[in-house]
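Okay, structure first, notes after.
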Amino acid sequence: MSLSLSDRRRVGRTALELPVFGFGAAHLGELYQKLSEAQSDATLEAAWDIGVRAYDTAAWYGRGLSEHRLGGFLRTRPRDQFTINTKVGRILIRPADPASFSTAPWTGGLPFDVVFDYTYDGIMRSYEQLLQRLALNTVDSLTIHDIDTMFHTPDQVDFYMKQLTGGGMKALTELKANGDIKAIGLGNNIPGDLGHKLAEIDVDFAIVAMPYTLLNQTILHTDMQLCLERQVGVIIGAPFASGILVTGSGAGAMYAYGAASLEVQAKVRAIEAVCAAHGVSLPVAALQFPLAHPAVVSIIPGAAGPDEVRQNVAALSVSIPAAFWSDLKTQGLIEAEAPVPNS
């Protein structure tokens with residue numbers, strides 16, 4: 001499979017088309033390490049210069065810092081030359097005690113507290129805030145962010161879903177009907193959770209952040225198949241599984257935004273052995289794999305430096321032998337029925 005930044009795919013049943021590769025801006029919010037303004041600017045400049053024209057961010061990333069940095073860059077570029085997705089559901093507020101406030105879990109970020117609100121008014125307020133942080137008066141799409149057990153108890157998830165179905169979705173459909181946005185998305189972190197949400201709300205796409213990667217395809221026959229049947233586009237939000245599929249196994253490897261377990265590291269070592277046998281780079285395989293699924297519209301890997309952006313883009317055009325994918329399946333390292341490049 002040979003792809004390029006000029007390749008575009010339609011988002012669900014909408015008129016919005018996205019490049020197969022976009023820029024995930026979580027690292028601009030200082031996810032694992034602090035990032036200077038110069039490094040942030042250089043990373044975005046490298047992405048633009050190489051041809052990246054789709055961007056994803058969120059109020060949560062660095063508690064507003066990612067949106068500030070990304071918007072500060074994009075506001076100087078022609079608005080009709082890029083697409084941008086950001087997320088709703090969190091409102092940023094002044095902390096009760098600014099002097100003692102911690103920005104954790106972000107290494108750096110901005111000193112703003114978070115209030116979850118998926119009501120009609122909450123979604124609209126979130127939308128108004130993010131436009132100002134971005135210094136842009138339009139965004140192309142909005143994604144409902146983090147209504148799941150990664151951030152809430154089951155009772156809280158039920159409460160916020162009632163807020164969403166009771167008013168928040170009305171706000172989003174109004175914005176779409178008015179032409180303010182072109183598509184509505186739903187964030188997904190938990191395997192098996194997407195199907196439950198899609199039974200309650202109608203969206204155009206899902207940003208699948210962890211459940212479908214080279215390392216894990218447990219939702220292949222469930223959520224991914226449902227998205228395909230319902231014409232819900234899928235954007236793969238964490239093709240490197242939050243780190244380990246680019247760094248490889250070993251000390252300090254990250255998986256699902258935490259330290260990788262011994263079991264996960266063992267599976268990655270087995271994949272690395274197949275990579276070595278076929279002369280295939282692990283990050284290249286990780287980026288190309290999800291794009292073979294017919295429901296997938298785009299991948300949005302993160303980057304914290306110019307070289308990382310260039311390496312990620314270059315991975316699209318690398319040729320991977322069919323025998324590599326065959327060996328992964330034979331050894332049970334990926335699902336036997338998972339779509340793979342060149343199949």
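Every chain in the structure tokens has a letter given in the order shown (A, B, ...), and although residue numbers restart at 1 in each chain, ligands are simply numbered from 1 in the order shown.
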
Using backbone DSSP assignments, extract all alpha helix (DSSP H) residues from segment 34-135 of chain A; output them as number ranges by chain.
-> A: 37-50, 65-74, 120-134

May I have a table of the residues of segment 131-215 of chain A lying at most 8 Å from segment 85-96 of chain A, giving each one's closest pair of atoms and their distance in Å to one decimal, counting only C-alpha atoms, ordered by chain and ascending residue number, as a Markdown table?
| residue | atom | partner | partner_atom | distance |
| --- | --- | --- | --- | --- |
| A:Val139 | CA | A:Asn85 | CA | 6.3 |
| A:Asp140 | CA | A:Asn85 | CA | 5.9 |
| A:Ser141 | CA | A:Asn85 | CA | 4.9 |
| A:Leu142 | CA | A:Lys87 | CA | 5.2 |
| A:Thr143 | CA | A:Lys87 | CA | 4.5 |
| A:Ile144 | CA | A:Val88 | CA | 5.3 |
| A:His145 | CA | A:Lys87 | CA | 5.8 |
| A:Asp146 | CA | A:Gly89 | CA | 7.8 |

Could you pull out the residues in segment 134-235 of chain A that DSSP calls strand (DSSP E) from the backbone, as an MDAnalysis selection string?
-> chainID A and resid 141:144 183:188 205:208 233:235

Counting only C-alpha atoms, which residues of segment 97-197 of chain A fall within 8 Å of segment 62-67 of chain A, and what is the closest atom pair for each with its distance in Å at one decimal, ordered by chain and rising number, as a tab-separated table?
residue	atom	partner	partner_atom	distance
A:Thr103	CA	A:Arg63	CA	7.6
A:Trp106	CA	A:Gly62	CA	5.9
A:Gly108	CA	A:Gly62	CA	6.8
A:Gly109	CA	A:Gly62	CA	4.0
A:Leu110	CA	A:Arg63	CA	5.4
A:Pro111	CA	A:Arg63	CA	7.2
A:Phe112	CA	A:Arg63	CA	6.0
A:Asp113	CA	A:Arg63	CA	7.5
A:Val114	CA	A:Arg63	CA	7.7
A:Leu130	CA	A:Glu67	CA	7.3
A:Arg133	CA	A:Glu67	CA	5.9
A:Leu134	CA	A:Glu67	CA	5.4

Take the residues from that selection and write them out as a tab-separated table (two decimals), in the first residue's frame, keeping all heavy atoms.
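Output file part_24.tsv follows:
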chain	number	residue	atom	x	y	z
A	103	THR	N	-1.55	21.19	37.07
A	103	THR	CA	-2.05	20.92	35.72
A	103	THR	C	-2.01	19.43	35.38
A	103	THR	O	-2.30	19.05	34.25
A	103	THR	CB	-1.23	21.68	34.67
A	103	THR	OG1	0.14	21.26	34.74
A	103	THR	CG2	-1.32	23.19	34.89
A	106	TRP	N	-1.05	16.59	32.82
A	106	TRP	CA	-0.17	17.19	31.82
A	106	TRP	C	1.14	17.60	32.47
A	106	TRP	O	1.16	18.13	33.59
A	106	TRP	CB	-0.86	18.39	31.17
A	106	TRP	CG	-2.14	17.96	30.54
A	106	TRP	CD1	-3.38	17.98	31.12
A	106	TRP	CD2	-2.30	17.33	29.27
A	106	TRP	NE1	-4.30	17.42	30.26
A	106	TRP	CE2	-3.67	17.01	29.11
A	106	TRP	CE3	-1.41	17.03	28.23
A	106	TRP	CZ2	-4.16	16.40	27.98
A	106	TRP	CZ3	-1.91	16.42	27.10
A	106	TRP	CH2	-3.27	16.11	26.97
A	108	GLY	N	3.06	19.98	31.50
A	108	GLY	CA	3.01	21.43	31.56
A	108	GLY	C	1.58	21.89	31.42
A	108	GLY	O	0.74	21.64	32.28
A	109	GLY	N	1.27	22.55	30.31
A	109	GLY	CA	-0.10	22.99	30.08
A	109	GLY	C	-0.40	24.32	30.72
A	109	GLY	O	0.49	25.01	31.25
A	110	LEU	N	-1.67	24.70	30.69
A	110	LEU	CA	-2.12	25.98	31.23
A	110	LEU	C	-2.88	25.78	32.54
A	110	LEU	O	-3.49	24.73	32.76
A	110	LEU	CB	-3.03	26.68	30.22
A	110	LEU	CG	-2.40	27.02	28.86
A	110	LEU	CD1	-3.43	27.67	27.95
A	110	LEU	CD2	-1.18	27.91	29.03
A	111	PRO	N	-2.87	26.78	33.41
A	111	PRO	CA	-3.46	26.64	34.75
A	111	PRO	C	-4.97	26.86	34.78
A	111	PRO	O	-5.47	27.77	35.47
A	111	PRO	CB	-2.71	27.71	35.55
A	111	PRO	CG	-2.46	28.80	34.57
A	111	PRO	CD	-2.18	28.10	33.26
A	112	PHE	N	-5.71	26.01	34.06
A	112	PHE	CA	-7.17	26.12	34.05
A	112	PHE	C	-7.80	24.81	34.49
A	112	PHE	O	-7.38	23.73	34.08
A	112	PHE	CB	-7.68	26.50	32.65
A	112	PHE	CG	-7.36	27.92	32.28
A	112	PHE	CD1	-6.26	28.20	31.48
A	112	PHE	CD2	-8.14	28.97	32.73
A	112	PHE	CE1	-5.94	29.50	31.13
A	112	PHE	CE2	-7.83	30.28	32.40
A	112	PHE	CZ	-6.73	30.55	31.61
A	113	ASP	N	-8.82	24.94	35.33
A	113	ASP	CA	-9.56	23.77	35.78
A	113	ASP	C	-10.59	23.39	34.72
A	113	ASP	O	-10.88	24.17	33.81
A	113	ASP	CB	-10.25	24.07	37.11
A	113	ASP	CG	-10.42	22.82	37.95
A	113	ASP	OD1	-10.25	21.71	37.42
A	113	ASP	OD2	-10.73	22.96	39.16
A	114	VAL	N	-11.12	22.19	34.86
A	114	VAL	CA	-12.05	21.63	33.87
A	114	VAL	C	-13.40	21.35	34.50
A	114	VAL	O	-13.48	20.81	35.60
A	114	VAL	CB	-11.47	20.32	33.28
A	114	VAL	CG1	-12.53	19.56	32.50
A	114	VAL	CG2	-10.27	20.62	32.41
A	130	LEU	N	-13.65	27.57	22.52
A	130	LEU	CA	-12.59	26.99	21.68
A	130	LEU	C	-12.29	27.86	20.47
A	130	LEU	O	-11.14	27.94	20.03
A	130	LEU	CB	-12.95	25.56	21.27
A	130	LEU	CG	-14.15	25.32	20.34
A	130	LEU	CD1	-13.75	25.40	18.87
A	130	LEU	CD2	-14.77	23.95	20.63
A	133	ARG	N	-9.90	30.41	21.76
A	133	ARG	CA	-8.56	29.87	22.00
A	133	ARG	C	-7.83	29.64	20.67
A	133	ARG	O	-6.62	29.85	20.58
A	133	ARG	CB	-8.64	28.57	22.79
A	133	ARG	CG	-8.90	28.76	24.28
A	133	ARG	CD	-8.70	27.46	25.04
A	133	ARG	NE	-9.66	26.44	24.65
A	133	ARG	CZ	-10.85	26.24	25.20
A	133	ARG	NH1	-11.25	27.04	26.19
A	133	ARG	NH2	-11.63	25.27	24.79
A	134	LEU	N	-8.56	29.19	19.67
A	134	LEU	CA	-7.95	28.93	18.37
A	134	LEU	C	-7.68	30.20	17.57
A	134	LEU	O	-6.90	30.17	16.62
A	134	LEU	CB	-8.86	28.00	17.55
A	134	LEU	CG	-8.95	26.55	17.99
A	134	LEU	CD1	-10.13	25.87	17.30
A	134	LEU	CD2	-7.66	25.80	17.68

Record the distance separating atom CA of Gly195 of chain A and atom CA of Ile300 of chain A, expressed in Å with one decimal.
->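 One can read the atom CA of Gly195 of chain A to atom CA of Ile300 of chain A distance as 22.0 Å.
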
Per residue of segment 170-240 of chain A within 8 Å of segment 244-263 of chain A, record the nearest atom pair and its distance in Å to one decimal, counting only C-alpha atoms, with rows in chain order and ascending residue number, as a tab-separated table.
residue	atom	partner	partner_atom	distance
A:Met210	CA	A:Ala256	CA	6.7
A:Leu215	CA	A:Leu245	CA	7.9
A:Pro239	CA	A:Leu245	CA	7.8
A:Phe240	CA	A:Leu245	CA	4.5

Could those residues be written to a file, using N, CA and C atoms, as a PDB file, in the first residue's frame?
ATOM      1  N   MET A 210      -7.772   4.191  21.096  1.00  0.00           N
ATOM      2  CA  MET A 210      -6.944   3.062  21.506  1.00  0.00           C
ATOM      3  C   MET A 210      -7.402   1.708  20.975  1.00  0.00           C
ATOM      4  N   LEU A 215      -1.537  -3.337  17.620  1.00  0.00           N
ATOM      5  CA  LEU A 215      -1.381  -4.112  18.846  1.00  0.00           C
ATOM      6  C   LEU A 215      -2.685  -4.745  19.331  1.00  0.00           C
ATOM      7  N   PRO A 239      -2.560   5.788  16.634  1.00  0.00           N
ATOM      8  CA  PRO A 239      -2.027   4.639  15.891  1.00  0.00           C
ATOM      9  C   PRO A 239      -0.789   4.015  16.534  1.00  0.00           C
ATOM     10  N   PHE A 240      -0.083   4.785  17.375  1.00  0.00           N
ATOM     11  CA  PHE A 240       1.078   4.244  18.078  1.00  0.00           C
ATOM     12  C   PHE A 240       0.705   3.714  19.463  1.00  0.00           C
TER      13      PHE A 240
END

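Atom CA of Ala25 of chain A to atom CA of Ser317 of chain A spans 22.5 Å [interatomic distance, one decimal].
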
Give me the residues within 12 Å of Lys162 of chain A as a ChimeraX atom specification, counting only C-alpha atoms and dropping any in the same chain fewer than 6 places off.
-> /A:117-120,147,155-156,168-169,197,200-201

Which distance in Å separates atom CA of Leu5 of chain A and atom CA of Val297 of chain A, to one decimal?
->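 Interatomic distance here is 12.5 Å.
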
In terms of the shortest atom-to-atom distance over only C-alpha atoms, which of A:Glu17, A:Asp202, A:Asp148, A:Asp121 is closest to Gly167 of chain A?
->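 The shortest atom-to-atom distance to Gly167 of chain A comes from A:Asp121.
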
Contacts of Gly237 of chain A at 8 Å or less, counting only C-alpha atoms, minus same-chain residues fewer than 5 places along, as a PDB file with N, CA, C and O atoms, in the first residue's frame?
ATOM      1  N   GLY A  24      -2.104  15.082  14.933  1.00  0.00           N
ATOM      2  CA  GLY A  24      -2.701  15.032  16.258  1.00  0.00           C
ATOM      3  C   GLY A  24      -1.921  15.924  17.207  1.00  0.00           C
ATOM      4  O   GLY A  24      -0.717  15.741  17.399  1.00  0.00           O
ATOM      5  N   ILE A 207     -13.626   9.074  16.603  1.00  0.00           N
ATOM      6  CA  ILE A 207     -12.173   9.067  16.772  1.00  0.00           C
ATOM      7  C   ILE A 207     -11.845   7.940  17.732  1.00  0.00           C
ATOM      8  O   ILE A 207     -12.115   8.017  18.936  1.00  0.00           O
ATOM      9  N   VAL A 208     -11.320   6.867  17.187  1.00  0.00           N
ATOM     10  CA  VAL A 208     -10.990   5.681  17.976  1.00  0.00           C
ATOM     11  C   VAL A 208      -9.555   5.835  18.452  1.00  0.00           C
ATOM     12  O   VAL A 208      -8.612   5.730  17.665  1.00  0.00           O
ATOM     13  N   ALA A 209      -9.404   6.099  19.750  1.00  0.00           N
ATOM     14  CA  ALA A 209      -8.091   6.491  20.262  1.00  0.00           C
ATOM     15  C   ALA A 209      -7.205   5.309  20.655  1.00  0.00           C
ATOM     16  O   ALA A 209      -5.991   5.409  20.605  1.00  0.00           O
ATOM     17  N   MET A 210      -7.772   4.191  21.096  1.00  0.00           N
ATOM     18  CA  MET A 210      -6.944   3.062  21.506  1.00  0.00           C
ATOM     19  C   MET A 210      -7.402   1.708  20.975  1.00  0.00           C
ATOM     20  O   MET A 210      -6.576   0.854  20.659  1.00  0.00           O
ATOM     21  N   ILE A 299      -5.662   8.718   9.837  1.00  0.00           N
ATOM     22  CA  ILE A 299      -4.902   8.524  11.066  1.00  0.00           C
ATOM     23  C   ILE A 299      -4.357   9.879  11.487  1.00  0.00           C
ATOM     24  O   ILE A 299      -4.034  10.719  10.645  1.00  0.00           O
ATOM     25  N   ILE A 300      -4.264  10.108  12.808  1.00  0.00           N
ATOM     26  CA  ILE A 300      -3.783  11.410  13.293  1.00  0.00           C
ATOM     27  C   ILE A 300      -2.714  11.220  14.377  1.00  0.00           C
ATOM     28  O   ILE A 300      -2.939  11.540  15.539  1.00  0.00           O
ATOM     29  N   PRO A 301      -1.550  10.693  14.000  1.00  0.00           N
ATOM     30  CA  PRO A 301      -0.494  10.509  14.999  1.00  0.00           C
ATOM     31  C   PRO A 301       0.010  11.846  15.531  1.00  0.00           C
ATOM     32  O   PRO A 301      -0.013  12.856  14.825  1.00  0.00           O
TER      33      PRO A 301
END

Which one of A:Arg77, A:Ala104, A:Ile320, A:Gly185 sits closest to Asp49 of chain A if you count only C-alpha atoms?
-> A:Arg77

Residue nearest Thr43 of chain A among A:Val234, A:Leu316, A:Ala177, A:Val309 (counting only C-alpha atoms) =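 Looking only at the distances to Thr43 of chain A, the closest residue turns out to be A:Val309.
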